[in-house]
file query-v7.tsv (TSV, C-alpha atoms)
chain	number	residue	atom	x	y	z
A	1	MET	CA	-1.42	14.04	15.38
A	2	LEU	CA	-2.24	10.48	16.44
A	3	ASN	CA	-1.97	11.13	20.17
A	4	ASP	CA	-5.23	10.44	21.98
A	5	ARG	CA	-6.81	9.31	18.71
A	6	SER	CA	-8.55	6.07	17.81
A	7	ILE	CA	-7.15	4.36	14.69
A	8	LEU	CA	-8.69	1.37	12.92
A	9	ILE	CA	-6.85	-0.78	10.37
A	10	THR	CA	-8.86	-3.03	8.06
A	11	GLY	CA	-6.89	-6.15	7.22
A	12	GLY	CA	-4.86	-5.26	10.28
A	13	THR	CA	-3.28	-8.69	10.82
A	14	GLY	CA	-1.42	-8.47	7.51
A	15	SER	CA	2.23	-7.43	7.20
A	16	PHE	CA	1.39	-3.77	6.67
A	17	GLY	CA	-1.20	-3.70	9.44
A	18	LYS	CA	1.19	-5.13	11.99
A	19	SER	CA	4.00	-2.78	10.96
A	20	PHE	CA	1.70	0.24	11.01
A	21	ALA	CA	0.23	-0.68	14.40
A	22	ARG	CA	3.68	-1.14	15.92
A	23	TYR	CA	4.91	2.17	14.48
A	24	VAL	CA	1.92	4.06	15.87
A	25	LEU	CA	2.19	2.41	19.29
A	26	GLU	CA	5.92	3.10	19.50
A	27	HIS	CA	5.89	6.71	18.22
A	28	TYR	CA	2.57	8.08	19.46
A	29	ASN	CA	0.19	7.74	22.36
A	30	PRO	CA	-3.08	6.73	20.66
A	31	ARG	CA	-6.25	6.21	22.61
A	32	LYS	CA	-6.53	2.81	20.93
A	33	VAL	CA	-5.56	0.93	17.78
A	34	ILE	CA	-8.27	-1.37	16.43
A	35	ILE	CA	-7.40	-4.37	14.27
A	36	TYR	CA	-10.34	-5.25	12.01
A	37	SER	CA	-9.94	-8.56	10.17
A	38	ARG	CA	-11.73	-11.85	9.57
A	39	ASP	CA	-9.10	-14.41	10.70
A	40	GLU	CA	-9.38	-15.09	14.42
A	41	PHE	CA	-6.18	-17.17	14.50
A	42	LYS	CA	-4.11	-14.34	13.00
A	43	GLN	CA	-5.64	-12.02	15.58
A	44	PHE	CA	-4.64	-14.47	18.34
A	45	VAL	CA	-1.07	-14.59	17.02
A	46	MET	CA	-0.92	-10.80	16.79
A	47	GLN	CA	-2.26	-10.43	20.34
A	48	ASN	CA	0.67	-12.51	21.57
A	49	GLU	CA	3.18	-10.57	19.47
A	50	PHE	CA	1.86	-7.25	20.81
A	51	ALA	CA	1.32	-8.35	24.41
A	52	GLU	CA	3.09	-5.26	25.80
A	53	TYR	CA	0.46	-3.04	24.14
A	54	LYS	CA	-2.62	-4.94	25.30
A	55	ASP	CA	-4.04	-1.84	26.99
A	56	LYS	CA	-4.04	0.08	23.68
A	57	LEU	CA	-4.80	-2.65	21.16
A	58	ARG	CA	-8.29	-3.90	20.32
A	59	PHE	CA	-9.31	-6.73	18.00
A	60	PHE	CA	-12.54	-6.77	16.02
A	61	ILE	CA	-13.50	-9.80	13.91
A	62	GLY	CA	-15.28	-8.71	10.77
A	63	ASP	CA	-15.22	-8.57	6.98
A	64	VAL	CA	-15.21	-5.44	4.82
A	65	ARG	CA	-18.04	-7.07	2.88
A	66	ASP	CA	-20.25	-6.58	5.95
A	67	GLN	CA	-21.26	-2.91	6.10
A	68	ALA	CA	-23.23	-3.26	9.34
A	69	ARG	CA	-20.22	-4.79	11.07
A	70	LEU	CA	-17.98	-2.01	9.76
A	71	ALA	CA	-20.38	0.63	11.04
A	72	ARG	CA	-20.28	-0.97	14.48
A	73	ALA	CA	-16.47	-1.11	14.45
A	74	PHE	CA	-16.11	2.50	13.23
A	75	GLU	CA	-18.03	4.02	16.16
A	76	GLY	CA	-15.72	6.47	17.95
A	77	VAL	CA	-12.89	5.98	15.42
A	78	ASP	CA	-10.94	9.04	14.21
A	79	TYR	CA	-8.78	7.54	11.45
A	80	VAL	CA	-9.23	4.49	9.23
A	81	ILE	CA	-6.44	2.81	7.27
A	82	HIS	CA	-7.97	0.54	4.65
A	83	ALA	CA	-5.51	-2.28	3.94
A	84	ALA	CA	-7.92	-5.22	3.50
A	85	ALA	CA	-8.00	-6.70	0.00
A	86	LEU	CA	-7.73	-9.85	-2.03
A	87	LYS	CA	-4.24	-9.33	-3.45
A	88	GLN	CA	-3.06	-12.52	-5.14
A	89	VAL	CA	-3.28	-12.02	-8.91
A	90	PRO	CA	-4.03	-15.68	-9.86
A	91	ALA	CA	-6.63	-16.01	-7.06
A	92	CYS	CA	-8.43	-12.94	-8.35
A	93	GLU	CA	-8.33	-14.22	-11.92
A	94	TYR	CA	-9.94	-17.52	-10.91
A	95	ASN	CA	-12.37	-15.94	-8.43
A	96	PRO	CA	-13.35	-12.63	-10.04
A	97	ALA	CA	-16.68	-12.25	-8.24
A	98	GLU	CA	-14.96	-12.71	-4.87
A	99	ALA	CA	-12.33	-10.10	-5.76
A	100	ILE	CA	-15.09	-7.66	-6.69
A	101	LYS	CA	-16.97	-8.32	-3.44
A	102	THR	CA	-13.91	-7.57	-1.31
A	103	ASN	CA	-11.93	-5.01	-3.29
A	104	ILE	CA	-14.79	-2.95	-4.77
A	105	ASN	CA	-17.90	-3.58	-2.69
A	106	GLY	CA	-15.75	-3.69	0.44
A	107	ALA	CA	-14.23	-0.32	-0.43
A	108	GLN	CA	-17.68	1.22	-0.82
A	109	ASN	CA	-18.72	-0.29	2.51
A	110	VAL	CA	-15.72	1.31	4.22
A	111	ILE	CA	-16.61	4.66	2.64
A	112	ASP	CA	-20.27	4.48	3.68
A	113	ALA	CA	-19.45	3.41	7.22
A	114	ALA	CA	-16.88	6.20	7.59
A	115	LEU	CA	-19.33	8.83	6.32
A	116	ASP	CA	-22.03	7.65	8.72
A	117	THR	CA	-20.01	7.30	11.92
A	118	GLY	CA	-17.98	10.49	12.26
A	119	VAL	CA	-14.58	9.23	11.07
A	120	LYS	CA	-12.21	12.15	10.36
A	121	LYS	CA	-9.87	10.70	7.75
A	122	VAL	CA	-9.58	7.54	5.64
A	123	VAL	CA	-6.39	6.48	3.86
A	124	ALA	CA	-6.73	3.57	1.44
A	125	LEU	CA	-3.78	1.49	0.29
A	126	SER	CA	-3.44	1.10	-3.47
A	127	THR	CA	-0.97	-0.66	-5.75
A	128	ASP	CA	0.98	-0.06	-8.92
A	129	LYS	CA	-1.24	-2.72	-10.50
A	130	ALA	CA	-4.15	-0.26	-10.38
A	131	VAL	CA	-2.32	1.90	-12.94
A	132	ASN	CA	-3.16	0.84	-16.50
A	133	PRO	CA	-4.34	-2.52	-15.11
A	134	VAL	CA	-3.72	-5.72	-17.04
A	135	ASN	CA	-5.23	-8.16	-14.52
A	136	LEU	CA	-8.43	-8.32	-12.48
A	137	TYR	CA	-6.73	-7.48	-9.21
A	138	GLY	CA	-5.42	-4.25	-10.74
A	139	GLY	CA	-8.84	-3.53	-12.22
A	140	THR	CA	-10.59	-3.88	-8.88
A	141	LYS	CA	-8.02	-1.68	-7.17
A	142	LEU	CA	-8.42	0.98	-9.87
A	143	VAL	CA	-12.15	1.06	-9.13
A	144	SER	CA	-11.41	1.13	-5.40
A	145	ASP	CA	-9.08	4.12	-5.83
A	146	LYS	CA	-11.72	5.98	-7.84
A	147	LEU	CA	-14.34	5.25	-5.18
A	148	PHE	CA	-12.17	6.63	-2.37
A	149	ILE	CA	-11.27	9.75	-4.33
A	150	ALA	CA	-14.91	10.38	-5.32
A	151	ALA	CA	-16.04	9.76	-1.73
A	152	ASN	CA	-14.96	13.32	-0.96
A	153	ALA	CA	-17.94	14.49	-3.01
A	154	TYR	CA	-20.26	13.00	-0.39
A	155	ALA	CA	-18.55	14.53	2.64
A	156	GLY	CA	-20.67	17.69	2.50
A	157	ASN	CA	-20.14	19.66	5.70
A	158	LYS	CA	-18.74	16.66	7.54
A	159	ASP	CA	-15.19	16.88	8.85
A	160	ILE	CA	-13.88	13.95	6.84
A	161	CYS	CA	-11.57	13.39	3.89
A	162	PHE	CA	-10.45	10.39	1.87
A	163	ALA	CA	-7.02	9.86	0.28
A	164	VAL	CA	-5.02	7.07	-1.37
A	165	VAL	CA	-1.45	5.82	-0.93
A	166	ARG	CA	0.10	3.89	-3.84
A	167	TYR	CA	3.18	1.67	-3.91
A	168	GLY	CA	4.30	-1.64	-5.42
A	169	ASN	CA	5.42	-4.96	-4.00
A	170	VAL	CA	7.13	-4.58	-0.63
A	171	ALA	CA	10.62	-6.11	-0.53
A	172	GLY	CA	10.36	-9.58	0.98
A	173	SER	CA	6.56	-9.76	0.89
A	174	ARG	CA	4.76	-13.00	0.11
A	175	GLY	CA	4.42	-13.65	-3.60
A	176	SER	CA	7.24	-11.26	-4.55
A	177	VAL	CA	10.47	-12.26	-6.26
A	178	ILE	CA	12.82	-12.15	-3.25
A	179	PRO	CA	11.23	-15.02	-1.28
A	180	PHE	CA	10.80	-16.90	-4.58
A	181	PHE	CA	14.54	-16.73	-5.22
A	182	HIS	CA	15.27	-17.45	-1.55
A	183	ASN	CA	13.29	-20.70	-1.63
A	184	ILE	CA	15.16	-21.87	-4.73
A	185	MET	CA	18.48	-21.17	-3.01
A	186	LYS	CA	17.35	-22.82	0.25
A	187	ASN	CA	16.54	-25.99	-1.67
A	188	GLY	CA	19.98	-26.07	-3.27
A	189	GLY	CA	19.12	-24.53	-6.62
A	190	SER	CA	21.90	-22.91	-8.63
A	191	GLU	CA	19.77	-21.14	-11.22
A	192	LEU	CA	17.38	-18.23	-10.65
A	193	PRO	CA	14.78	-17.99	-13.43
A	194	ILE	CA	14.00	-14.55	-14.84
A	195	THR	CA	10.68	-13.95	-16.54
A	196	ASP	CA	12.15	-11.21	-18.75
A	197	TYR	CA	15.68	-9.78	-18.68
A	198	ARG	CA	14.27	-6.26	-19.09
A	199	MET	CA	12.13	-6.46	-15.97
A	200	THR	CA	12.50	-3.76	-13.28
A	201	ARG	CA	10.86	-3.05	-9.93
A	202	PHE	CA	10.82	-0.35	-7.25
A	203	TRP	CA	12.39	-1.10	-3.89
A	204	ILE	CA	10.18	-0.20	-0.93
A	205	SER	CA	10.36	-1.50	2.62
A	206	LEU	CA	7.42	-1.91	4.97
A	207	HIS	CA	8.79	0.96	7.05
A	208	GLN	CA	8.72	3.26	4.02
A	209	GLY	CA	5.15	2.21	3.28
A	210	VAL	CA	4.14	3.04	6.84
A	211	GLU	CA	5.85	6.44	6.67
A	212	LEU	CA	3.97	7.28	3.46
A	213	VAL	CA	0.64	6.50	5.13
A	214	ILE	CA	1.59	8.69	8.10
A	215	LYS	CA	2.42	11.47	5.62
A	216	ALA	CA	-1.02	11.08	4.03
A	217	LEU	CA	-2.73	11.17	7.43
A	218	GLU	CA	-0.91	14.39	8.26
A	219	GLU	CA	-1.36	16.24	4.97
A	220	ALA	CA	-4.34	14.92	3.00
A	221	ARG	CA	-7.17	17.36	2.36
A	222	GLY	CA	-9.23	15.05	0.17
A	223	GLY	CA	-8.74	13.11	-3.06
A	224	GLU	CA	-4.94	13.00	-3.23
A	225	THR	CA	-2.90	9.97	-4.26
A	226	PHE	CA	0.46	9.85	-2.44
A	227	ILE	CA	3.37	8.09	-4.17
A	228	ALA	CA	6.82	7.65	-2.62
A	229	LYS	CA	10.03	8.40	-4.49
A	230	LEU	CA	11.88	5.10	-4.60
A	231	PRO	CA	14.97	3.57	-6.23
A	232	SER	CA	14.55	1.03	-9.01
A	233	PHE	CA	16.43	-2.20	-9.57
A	234	LYS	CA	16.79	-4.70	-12.38
A	235	VAL	CA	15.55	-8.16	-11.50
A	236	THR	CA	18.71	-9.59	-13.08
A	237	ASP	CA	20.80	-7.49	-10.67
A	238	LEU	CA	18.71	-8.78	-7.77
A	239	ALA	CA	19.38	-12.36	-8.83
A	240	GLN	CA	23.13	-11.72	-9.00
A	241	ALA	CA	23.06	-9.94	-5.63
A	242	MET	CA	21.35	-12.94	-4.02
A	243	LEU	CA	23.36	-15.67	-5.79
A	244	PRO	CA	26.48	-14.21	-7.43
A	245	GLY	CA	27.45	-15.87	-10.68
A	246	CYS	CA	24.23	-17.85	-10.98
A	247	LYS	CA	22.70	-18.79	-14.31
A	248	MET	CA	19.52	-16.88	-15.12
A	249	PRO	CA	17.34	-18.71	-17.65
A	250	GLU	CA	14.70	-16.47	-19.21
A	251	VAL	CA	11.35	-18.25	-18.80
A	252	GLY	CA	8.86	-15.74	-20.19
A	253	ILE	CA	6.58	-13.19	-18.62
A	254	ARG	CA	3.61	-14.52	-16.64
A	255	GLU	CA	-0.03	-13.71	-17.27
A	256	GLY	CA	-1.01	-10.40	-15.72
A	257	GLU	CA	2.60	-9.37	-15.12
A	258	LYS	CA	4.22	-6.13	-16.28
A	259	LEU	CA	7.79	-5.38	-17.27
A	260	HIS	CA	7.84	-2.30	-15.03
A	261	GLU	CA	5.90	-1.02	-12.03
A	262	ILE	CA	4.01	2.10	-13.11
A	263	MET	CA	3.03	4.66	-10.48
A	264	ILE	CA	2.11	7.81	-12.43
A	265	THR	CA	0.83	7.90	-16.01
A	266	VAL	CA	1.30	10.62	-18.60
A	267	GLU	CA	-2.39	11.38	-18.27
A	268	ASP	CA	-1.97	12.08	-14.54
A	269	SER	CA	0.93	14.48	-15.11
A	270	LEU	CA	-1.43	17.44	-15.47
A	271	THR	CA	-2.36	17.25	-11.76
A	272	THR	CA	0.85	15.77	-10.30
A	273	TYR	CA	3.21	17.71	-8.03
A	274	GLU	CA	6.68	16.74	-6.88
A	275	TYR	CA	7.91	17.02	-3.28
A	276	ASP	CA	11.24	16.16	-1.67
A	277	ARG	CA	10.43	12.52	-0.96
A	278	HIS	CA	7.14	11.87	-2.74
A	279	TYR	CA	4.72	12.83	-5.48
A	280	ILE	CA	1.06	13.71	-5.08
A	281	VAL	CA	-1.52	13.23	-7.82
A	282	TYR	CA	-4.28	15.70	-7.02
A	283	PRO	CA	-7.89	15.05	-8.07
A	284	GLN	CA	-9.04	16.63	-11.30
A	285	ILE	CA	-12.30	17.59	-9.61
A	286	THR	CA	-12.59	19.42	-6.28
A	287	TRP	CA	-15.64	19.12	-4.07
A	288	ASN	CA	-15.16	21.33	-1.02
A	289	GLU	CA	-13.29	24.34	0.37
A	290	LYS	CA	-10.59	22.21	1.99
A	291	GLN	CA	-9.33	21.33	-1.48
A	292	ASN	CA	-9.11	24.93	-2.66
A	293	PHE	CA	-5.44	25.54	-1.95
A	294	ILE	CA	-2.23	25.92	-3.93
A	295	PRO	CA	0.00	22.82	-3.65
A	296	ALA	CA	3.37	23.53	-2.08
A	297	GLY	CA	5.23	21.19	-4.41
A	298	LYS	CA	6.59	21.66	-7.91
A	299	ARG	CA	4.31	20.78	-10.77
A	300	VAL	CA	5.78	18.04	-12.96
A	301	PRO	CA	6.19	18.70	-16.69
A	302	GLU	CA	3.30	17.78	-18.95
A	303	GLY	CA	3.94	14.30	-20.32
A	304	PHE	CA	5.78	13.18	-17.17
A	305	SER	CA	5.40	9.56	-16.09
A	306	TYR	CA	6.92	7.60	-13.24
A	307	SER	CA	7.75	3.93	-13.48
A	308	SER	CA	10.50	1.62	-12.32
A	309	GLY	CA	11.71	1.56	-15.92
A	310	ASN	CA	12.21	5.32	-16.42
A	311	ASN	CA	13.41	6.16	-12.91
A	312	THR	CA	16.49	8.33	-12.31
A	313	GLU	CA	17.63	6.46	-9.18
A	314	TRP	CA	18.91	2.88	-9.52
A	315	LEU	CA	20.30	0.35	-7.07
A	316	SER	CA	23.57	-1.43	-7.85
A	317	GLU	CA	24.16	-5.11	-7.06
A	318	LEU	CA	26.15	-4.06	-3.99
A	319	GLN	CA	23.40	-1.75	-2.76
A	320	ILE	CA	20.81	-4.49	-3.29
A	321	ARG	CA	22.96	-6.93	-1.32
A	322	GLU	CA	23.18	-4.46	1.56
A	323	LEU	CA	19.42	-3.83	1.52
A	324	LEU	CA	18.69	-7.57	1.51
A	325	GLU	CA	20.33	-7.78	4.93
A	326	THR	CA	17.80	-5.30	6.34
A	327	ILE	CA	14.59	-7.06	5.34
A	328	GLU	CA	12.71	-9.92	6.95
A	329	LEU	CA	11.01	-12.36	4.61
A	330	GLU	CA	7.27	-12.53	5.15
A	331	LYS	CA	6.17	-15.98	6.32
call {"tool": "encode", "arguments": {"input": "query-v7.tsv", "output": "structure tokens"}}
result
Amino acid sequence: MLNDRSILITGGTGSFGKSFARYVLEHYNPRKVIIYSRDEFKQFVMQNEFAEYKDKLRFFIGDVRDQARLARAFEGVDYVIHAAALKQVPACEYNPAEAIKTNINGAQNVIDAALDTGVKKVVALSTDKAVNPVNLYGGTKLVSDKLFIAANAYAGNKDICFAVVRYGNVAGSRGSVIPFFHNIMKNGGSELPITDYRMTRFWISLHQGVELVIKALEEARGGETFIAKLPSFKVTDLAQAMLPGCKMPEVGIREGEKLHEIMITVEDSLTTYEYDRHYIVYPQITWNEKQNFIPAGKRVPEGFSYSSGNNTEWLSELQIRELLETIELEK
């Protein structure tokens, strides 16, 4: 599907962008992969890391806030993966206008540029924090998701569709609990603080996130939200897996933090279908003939919800310890 195609990744120098670019370059024969981002130093570093793919890889300095620049970058592009965002919860709380400019206005700019330049498919990355949001970052990503889903209404006769992929914190990513615990241990600490003993999270690797986006590129018809089936873990079990026998003082939940990662709400159950390895939340409104099909999956029961707290698959301390050996902490 991606052979002889041009793919552009906004925020492409981030951890997901680099993993997605490498996966595409190793498994397909794209015409080119374009990295669109605003940090020239990160682009320089990535150029060196991907030196063997220099004939296929292109770098484009730009900001998603700049619609004219996006339109220039999107010329001749077949697929767009929208990964650019302001993601740090405290930074968004203290700089709300900046979060809105990037996460909401930037999303609309991506949509407009894609509609105007002949792009075939756009997949936007979302987050569990967009579901019943309790912080500004989650609020901006909820609006972003709605914009991308509604963008299908403006496609008209154009051969383009927009879809969303949703997952939580990637294991080992900056700002997540694993590197936080790791730094405490590296500095000789013997206690791993727990915000709340009841806290749970999903376990997803970067590779799984990339595979879910590939799935969306292959199957999306317009307006779907793709959600991977993932195992859950208790944060207390993670602490014991990383530092067996450690003390775990409970320090209280932080502002804007949830006890569980929520992926599908009860309200979304009416249009959610289950597949072997993922769920799809279909749009409640359809806008074109491409969306008039019967989903191949199994419709979930009314009242269904999916969160790391009510999951049916759980990781043990031993399984967590084994998975920890497979991840690389994001620097």
call {"tool": "closest_residue", "arguments": {"input": "query-v7.tsv", "among": "A:Ser232, A:Val164, A:Ser316, A:Gly188", "to": "Tyr282 of chain A", "atoms": "only C-alpha atoms"}}
result
A:Val164
call {"tool": "atom_distance", "arguments": {"input": "query-v7.tsv", "atom1": "atom CA of Asn132 of chain A", "atom2": "atom CA of Thr265 of chain A"}}
result
8.1 Å
call {"tool": "residues_near_point", "arguments": {"input": "query-v7.tsv", "point": "(3.9, 13.6, -18.7)", "cutoff": "8 Å", "atoms": "only C-alpha atoms", "output": "CSV table (one decimal) with C-alpha atoms, keeping the file's coordinate frame"}}
result
chain,number,residue,atom,x,y,z
A,265,THR,CA,0.8,7.9,-16.0
A,266,VAL,CA,1.3,10.6,-18.6
A,267,GLU,CA,-2.4,11.4,-18.3
A,268,ASP,CA,-2.0,12.1,-14.5
A,269,SER,CA,0.9,14.5,-15.1
A,270,LEU,CA,-1.4,17.4,-15.5
A,300,VAL,CA,5.8,18.0,-13.0
A,301,PRO,CA,6.2,18.7,-16.7
A,302,GLU,CA,3.3,17.8,-19.0
A,303,GLY,CA,3.9,14.3,-20.3
A,304,PHE,CA,5.8,13.2,-17.2
A,305,SER,CA,5.4,9.6,-16.1
call {"tool": "atom_distance", "arguments": {"input": "query-v7.tsv", "atom1": "atom CA of Tyr306 of chain A", "atom2": "atom CA of Pro283 of chain A"}}
result
17.4 Å
call {"tool": "atom_distance", "arguments": {"input": "query-v7.tsv", "atom1": "atom CA of Phe293 of chain A", "atom2": "atom CA of Gly222 of chain A"}}
result
11.4 Å
call {"tool": "residues_around", "arguments": {"input": "query-v7.tsv", "residues": "segment 262-264 of chain A", "least_positions_apart": "2", "cutoff": "10 Å", "atoms": "all atoms listed in the file", "output": "mmCIF file with C-alpha atoms, keeping the file's coordinate frame"}}
result
data_model
loop_
_atom_site.group_PDB
_atom_site.id
_atom_site.type_symbol
_atom_site.label_atom_id
_atom_site.label_comp_id
_atom_site.auth_asym_id
_atom_site.auth_seq_id
_atom_site.Cartn_x
_atom_site.Cartn_y
_atom_site.Cartn_z
ATOM 1 C CA THR A 127 -0.970 -0.660 -5.750
ATOM 2 C CA ASP A 128 0.980 -0.060 -8.920
ATOM 3 C CA LYS A 129 -1.240 -2.720 -10.500
ATOM 4 C CA ALA A 130 -4.150 -0.260 -10.380
ATOM 5 C CA VAL A 131 -2.320 1.900 -12.940
ATOM 6 C CA ASN A 132 -3.160 0.840 -16.500
ATOM 7 C CA PRO A 133 -4.340 -2.520 -15.110
ATOM 8 C CA ARG A 166 0.100 3.890 -3.840
ATOM 9 C CA TYR A 167 3.180 1.670 -3.910
ATOM 10 C CA GLY A 168 4.300 -1.640 -5.420
ATOM 11 C CA ARG A 201 10.860 -3.050 -9.930
ATOM 12 C CA PHE A 202 10.820 -0.350 -7.250
ATOM 13 C CA THR A 225 -2.900 9.970 -4.260
ATOM 14 C CA PHE A 226 0.460 9.850 -2.440
ATOM 15 C CA ILE A 227 3.370 8.090 -4.170
ATOM 16 C CA ALA A 228 6.820 7.650 -2.620
ATOM 17 C CA LYS A 229 10.030 8.400 -4.490
ATOM 18 C CA LYS A 258 4.220 -6.130 -16.280
ATOM 19 C CA LEU A 259 7.790 -5.380 -17.270
ATOM 20 C CA HIS A 260 7.840 -2.300 -15.030
ATOM 21 C CA VAL A 266 1.300 10.620 -18.600
ATOM 22 C CA GLU A 267 -2.390 11.380 -18.270
ATOM 23 C CA ASP A 268 -1.970 12.080 -14.540
ATOM 24 C CA SER A 269 0.930 14.480 -15.110
ATOM 25 C CA THR A 272 0.850 15.770 -10.300
ATOM 26 C CA TYR A 279 4.720 12.830 -5.480
ATOM 27 C CA ILE A 280 1.060 13.710 -5.080
ATOM 28 C CA VAL A 281 -1.520 13.230 -7.820
ATOM 29 C CA PHE A 304 5.780 13.180 -17.170
ATOM 30 C CA SER A 305 5.400 9.560 -16.090
ATOM 31 C CA TYR A 306 6.920 7.600 -13.240
ATOM 32 C CA SER A 307 7.750 3.930 -13.480
ATOM 33 C CA SER A 308 10.500 1.620 -12.320
ATOM 34 C CA GLY A 309 11.710 1.560 -15.920
ATOM 35 C CA ASN A 310 12.210 5.320 -16.420
#
call {"tool": "residues_near_point", "arguments": {"input": "query-v7.tsv", "point": "(-23.7, 1.8, 4.9)", "cutoff": "6 Å", "atoms": "only C-alpha atoms", "output": "mmCIF file with C-alpha atoms, keeping the file's coordinate frame"}}
result
data_model
loop_
_atom_site.group_PDB
_atom_site.id
_atom_site.type_symbol
_atom_site.label_atom_id
_atom_site.label_comp_id
_atom_site.auth_asym_id
_atom_site.auth_seq_id
_atom_site.Cartn_x
_atom_site.Cartn_y
_atom_site.Cartn_z
ATOM 1 C CA GLN A 67 -21.260 -2.910 6.100
ATOM 2 C CA ASN A 109 -18.720 -0.290 2.510
ATOM 3 C CA ASP A 112 -20.270 4.480 3.680
ATOM 4 C CA ALA A 113 -19.450 3.410 7.220
#
call {"tool": "closest_residue", "arguments": {"input": "query-v7.tsv", "among": "A:Thr236, A:Thr140, A:Gln208, A:Ser37", "to": "Tyr23 of chain A", "atoms": "all atoms listed in the file"}}
result
A:Gln208
call {"tool": "residues_around", "arguments": {"input": "query-v7.tsv", "residues": "Cys161 of chain A", "least_positions_apart": "5", "cutoff": "12 Å", "atoms": "only C-alpha atoms", "output": "VMD selection string"}}
result
chain A and resid 78 to 80 111 114 to 115 118 to 124 148 to 156 216 to 224 286 to 291
call {"tool": "write_last_selection", "arguments": {"input": "query-v7.tsv", "atoms": "C-alpha atoms", "output": "JSON list (two decimals), keeping the file's coordinate frame"}}
result
[["chain", "number", "residue", "atom", "x", "y", "z"],
["A", 78, "ASP", "CA", -10.94, 9.04, 14.21],
["A", 79, "TYR", "CA", -8.78, 7.54, 11.45],
["A", 80, "VAL", "CA", -9.23, 4.49, 9.23],
["A", 111, "ILE", "CA", -16.61, 4.66, 2.64],
["A", 114, "ALA", "CA", -16.88, 6.20, 7.59],
["A", 115, "LEU", "CA", -19.33, 8.83, 6.32],
["A", 118, "GLY", "CA", -17.98, 10.49, 12.26],
["A", 119, "VAL", "CA", -14.58, 9.23, 11.07],
["A", 120, "LYS", "CA", -12.21, 12.15, 10.36],
["A", 121, "LYS", "CA", -9.87, 10.70, 7.75],
["A", 122, "VAL", "CA", -9.58, 7.54, 5.64],
["A", 123, "VAL", "CA", -6.39, 6.48, 3.86],
["A", 124, "ALA", "CA", -6.73, 3.57, 1.44],
["A", 148, "PHE", "CA", -12.17, 6.63, -2.37],
["A", 149, "ILE", "CA", -11.27, 9.75, -4.33],
["A", 150, "ALA", "CA", -14.91, 10.38, -5.32],
["A", 151, "ALA", "CA", -16.04, 9.76, -1.73],
["A", 152, "ASN", "CA", -14.96, 13.32, -0.96],
["A", 153, "ALA", "CA", -17.94, 14.49, -3.01],
["A", 154, "TYR", "CA", -20.26, 13.00, -0.39],
["A", 155, "ALA", "CA", -18.55, 14.53, 2.64],
["A", 156, "GLY", "CA", -20.67, 17.69, 2.50],
["A", 216, "ALA", "CA", -1.02, 11.08, 4.03],
["A", 217, "LEU", "CA", -2.73, 11.17, 7.43],
["A", 218, "GLU", "CA", -0.91, 14.39, 8.26],
["A", 219, "GLU", "CA", -1.36, 16.24, 4.97],
["A", 220, "ALA", "CA", -4.34, 14.92, 3.00],
["A", 221, "ARG", "CA", -7.17, 17.36, 2.36],
["A", 222, "GLY", "CA", -9.23, 15.05, 0.17],
["A", 223, "GLY", "CA", -8.74, 13.11, -3.06],
["A", 224, "GLU", "CA", -4.94, 13.00, -3.23],
["A", 286, "THR", "CA", -12.59, 19.42, -6.28],
["A", 287, "TRP", "CA", -15.64, 19.12, -4.07],
["A", 288, "ASN", "CA", -15.16, 21.33, -1.02],
["A", 289, "GLU", "CA", -13.29, 24.34, 0.37],
["A", 290, "LYS", "CA", -10.59, 22.21, 1.99],
["A", 291, "GLN", "CA", -9.33, 21.33, -1.48]]
call {"tool": "closest_residue", "arguments": {"input": "query-v7.tsv", "among": "A:Glu93, A:Glu328, A:Glu250, A:Asp116", "to": "Leu136 of chain A", "atoms": "only C-alpha atoms"}}
result
A:Glu93
call {"tool": "closest_residue", "arguments": {"input": "query-v7.tsv", "among": "A:Met185, A:Ala83, A:Val110, A:Ala51", "to": "Ala68 of chain A", "atoms": "all atoms listed in the file"}}
result
A:Val110
call {"tool": "residues_around", "arguments": {"input": "query-v7.tsv", "residues": "Ile7 of chain A", "least_positions_apart": "6", "cutoff": "9 Å", "atoms": "all atoms listed in the file", "output": "PyMOL selection string"}}
result
chain A and resi 21+30-35+77-81
call {"tool": "residues_around", "arguments": {"input": "query-v7.tsv", "residues": "Ala171 of chain A", "least_positions_apart": "3", "cutoff": "9 Å", "atoms": "all atoms listed in the file", "output": "compact mmCIF listing (two decimals) with C-alpha atoms, in the frame of the given file"}}
result
# COMPACT_ATOMS: atom_id res chain seq x y z
CA SER A 176 7.24 -11.26 -4.55
CA VAL A 177 10.47 -12.26 -6.26
CA ILE A 178 12.82 -12.15 -3.25
CA PRO A 179 11.23 -15.02 -1.28
CA PHE A 202 10.82 -0.35 -7.25
CA TRP A 203 12.39 -1.10 -3.89
CA ILE A 204 10.18 -0.20 -0.93
CA SER A 205 10.36 -1.50 2.62
CA LEU A 206 7.42 -1.91 4.97
CA LEU A 324 18.69 -7.57 1.51
CA ILE A 327 14.59 -7.06 5.34
CA GLU A 328 12.71 -9.92 6.95
CA LEU A 329 11.01 -12.36 4.61
call {"tool": "closest_residue", "arguments": {"input": "query-v7.tsv", "among": "A:Gly12, A:Gly138, A:Gly172, A:Pro244", "to": "Lys87 of chain A", "atoms": "only C-alpha atoms"}}
result
A:Gly138
call {"tool": "closest_residue", "arguments": {"input": "query-v7.tsv", "among": "A:Ser144, A:Asn292, A:Ser190, A:Thr102", "to": "Leu243 of chain A", "atoms": "only C-alpha atoms"}}
result
A:Ser190
